[in-house]
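Novice: I am attaching a structure below and will ask some questions about it afterwards.
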Amino acid sequence: MPYYLTVGHLLGQLQSLDPNMPIRLAINPDWPFTHYLATDVVVRDGVAFIADDGQEDYLPAAVRDALSWA
């Protein structure tokens, strides 16, 4: 897996999941919250950008552990 995620690697990781499953961003190990993703993807200069669309809740402890953020 490359250090920087590509569209292909992201699609590969998501393709076996339920397409109706919500997606959240895990942000900042020092202030672990989940954030919504905006629905628009903006492509500029060969990079795809997906915006944060607001904070949802605290990141579950099991997810923090899986990310080694504990």
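Within each chain, counting starts at residue 1; across the structure tokens, chains are named A, B, ... in the order shown, with ligands numbered 1 upward in that order.
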If you count only C-alpha atoms, which residues fall within 12 Å of A:Asp40, apart from same-chain ones fewer than 3 positions away, as a list in words?
Specialist: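 The residues that qualify are Leu37, Val43, Ala48, Phe49, Ile50, Ala51, Asp52 and Asp53 of chain A.
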Novice: Work out how far apart atom CA of A:Gly54 and atom CA of A:Val41 are and give it in Å to one decimal.
Specialist: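 It comes out at 15.8 Å.
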Novice: Using the chain letters and numbers from this document, which residues of chain A does DSSP assign to helix (DSSP H, G or I), as a list in words?
Specialist: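 Everything in chain A that counts as helix (DSSP H, G or I) is Val7, Gly8, His9, Leu10, Leu11, Gly12, Gln13, Leu14, Ala61, Ala62, Val63, Arg64, Asp65 and Ala66 of chain A.
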Novice: Those same residues, written as a short mmCIF file (atom, residue, chain, number, x, y, z; two decimals), in the first residue's frame with all heavy atoms?
Specialist:
```cif
data_model
loop_
_atom_site.label_atom_id
_atom_site.label_comp_id
_atom_site.auth_asym_id
_atom_site.auth_seq_id
_atom_site.Cartn_x
_atom_site.Cartn_y
_atom_site.Cartn_z
N VAL A 7 -6.95 6.75 -5.93
CA VAL A 7 -8.34 6.38 -6.22
C VAL A 7 -8.44 4.86 -6.38
O VAL A 7 -9.34 4.22 -5.84
CB VAL A 7 -8.85 7.11 -7.48
CG1 VAL A 7 -10.19 6.56 -7.92
CG2 VAL A 7 -8.95 8.61 -7.23
N GLY A 8 -7.50 4.26 -7.09
CA GLY A 8 -7.52 2.81 -7.31
C GLY A 8 -7.42 2.02 -6.01
O GLY A 8 -8.16 1.05 -5.81
N HIS A 9 -6.53 2.43 -5.11
CA HIS A 9 -6.40 1.73 -3.83
C HIS A 9 -7.66 1.92 -2.98
O HIS A 9 -8.12 0.98 -2.33
CB HIS A 9 -5.17 2.21 -3.07
CG HIS A 9 -3.90 1.71 -3.65
ND1 HIS A 9 -3.10 2.48 -4.46
CD2 HIS A 9 -3.30 0.50 -3.56
CE1 HIS A 9 -2.06 1.77 -4.84
NE2 HIS A 9 -2.15 0.57 -4.31
N LEU A 10 -8.23 3.12 -2.99
CA LEU A 10 -9.46 3.36 -2.23
C LEU A 10 -10.61 2.52 -2.78
O LEU A 10 -11.34 1.88 -2.02
CB LEU A 10 -9.82 4.85 -2.25
CG LEU A 10 -11.05 5.25 -1.46
CD1 LEU A 10 -10.90 4.88 0.02
CD2 LEU A 10 -11.31 6.74 -1.62
N LEU A 11 -10.76 2.49 -4.09
CA LEU A 11 -11.81 1.67 -4.70
C LEU A 11 -11.62 0.20 -4.35
O LEU A 11 -12.58 -0.51 -4.05
CB LEU A 11 -11.84 1.86 -6.21
CG LEU A 11 -12.35 3.21 -6.71
CD1 LEU A 11 -12.14 3.33 -8.21
CD2 LEU A 11 -13.80 3.40 -6.34
N GLY A 12 -10.39 -0.26 -4.38
CA GLY A 12 -10.10 -1.66 -4.05
C GLY A 12 -10.49 -2.00 -2.62
O GLY A 12 -11.01 -3.09 -2.36
N GLN A 13 -10.26 -1.09 -1.70
CA GLN A 13 -10.61 -1.33 -0.30
C GLN A 13 -12.11 -1.26 -0.06
O GLN A 13 -12.63 -1.93 0.83
CB GLN A 13 -9.90 -0.33 0.60
CG GLN A 13 -8.40 -0.55 0.67
CD GLN A 13 -7.75 0.41 1.62
OE1 GLN A 13 -8.26 0.68 2.70
NE2 GLN A 13 -6.61 0.95 1.22
N LEU A 14 -12.82 -0.46 -0.84
CA LEU A 14 -14.24 -0.26 -0.62
C LEU A 14 -15.14 -1.20 -1.43
O LEU A 14 -16.31 -1.38 -1.08
CB LEU A 14 -14.62 1.19 -0.96
CG LEU A 14 -13.98 2.27 -0.10
CD1 LEU A 14 -14.38 3.65 -0.62
CD2 LEU A 14 -14.34 2.11 1.35
N ALA A 61 -13.41 3.89 20.63
CA ALA A 61 -12.13 3.41 21.15
C ALA A 61 -11.56 2.26 20.32
O ALA A 61 -10.34 2.20 20.08
CB ALA A 61 -12.29 2.96 22.61
N ALA A 62 -12.40 1.37 19.82
CA ALA A 62 -11.93 0.25 19.01
C ALA A 62 -11.28 0.74 17.72
O ALA A 62 -10.31 0.16 17.24
CB ALA A 62 -13.08 -0.70 18.69
N VAL A 63 -11.81 1.82 17.14
CA VAL A 63 -11.22 2.38 15.93
C VAL A 63 -9.89 3.06 16.25
O VAL A 63 -8.91 2.89 15.53
CB VAL A 63 -12.19 3.38 15.25
CG1 VAL A 63 -11.55 4.03 14.04
CG2 VAL A 63 -13.49 2.68 14.87
N ARG A 64 -9.84 3.79 17.36
CA ARG A 64 -8.57 4.41 17.79
C ARG A 64 -7.50 3.34 17.97
O ARG A 64 -6.36 3.51 17.55
CB ARG A 64 -8.76 5.19 19.10
CG ARG A 64 -9.53 6.46 18.93
CD ARG A 64 -9.41 7.37 20.15
NE ARG A 64 -9.49 6.70 21.42
CZ ARG A 64 -10.58 6.66 22.19
NH1 ARG A 64 -11.70 7.23 21.79
NH2 ARG A 64 -10.54 6.04 23.35
N ASP A 65 -7.88 2.22 18.59
CA ASP A 65 -6.93 1.12 18.79
C ASP A 65 -6.46 0.54 17.47
O ASP A 65 -5.27 0.28 17.27
CB ASP A 65 -7.54 0.02 19.65
CG ASP A 65 -7.78 0.47 21.09
OD1 ASP A 65 -7.23 1.51 21.51
OD2 ASP A 65 -8.57 -0.23 21.78
N ALA A 66 -7.40 0.32 16.53
CA ALA A 66 -7.05 -0.24 15.21
C ALA A 66 -6.12 0.69 14.44
O ALA A 66 -5.29 0.23 13.66
CB ALA A 66 -8.31 -0.53 14.41
#
```
Novice: Please compute the atom CA of A:Asp57-atom CA of A:Asn28 distance, one decimal, in Å.
Specialist: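 These atoms are spaced 12.9 Å apart.
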Novice: As a PyMOL selection string, which residues of stretch 9-64 of chain A does DSSP assign to strand (DSSP E or B)?
Specialist: chain A and resi 24-27+33-44+47-58
Novice: Which of these, A:Tyr58, A:Asp30, A:Tyr3, A:Tyr36, has the shortest distance to A:Ala70 once you count only C-alpha atoms?
Specialist: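 Closest to A:Ala70 of all the choices is A:Asp30.
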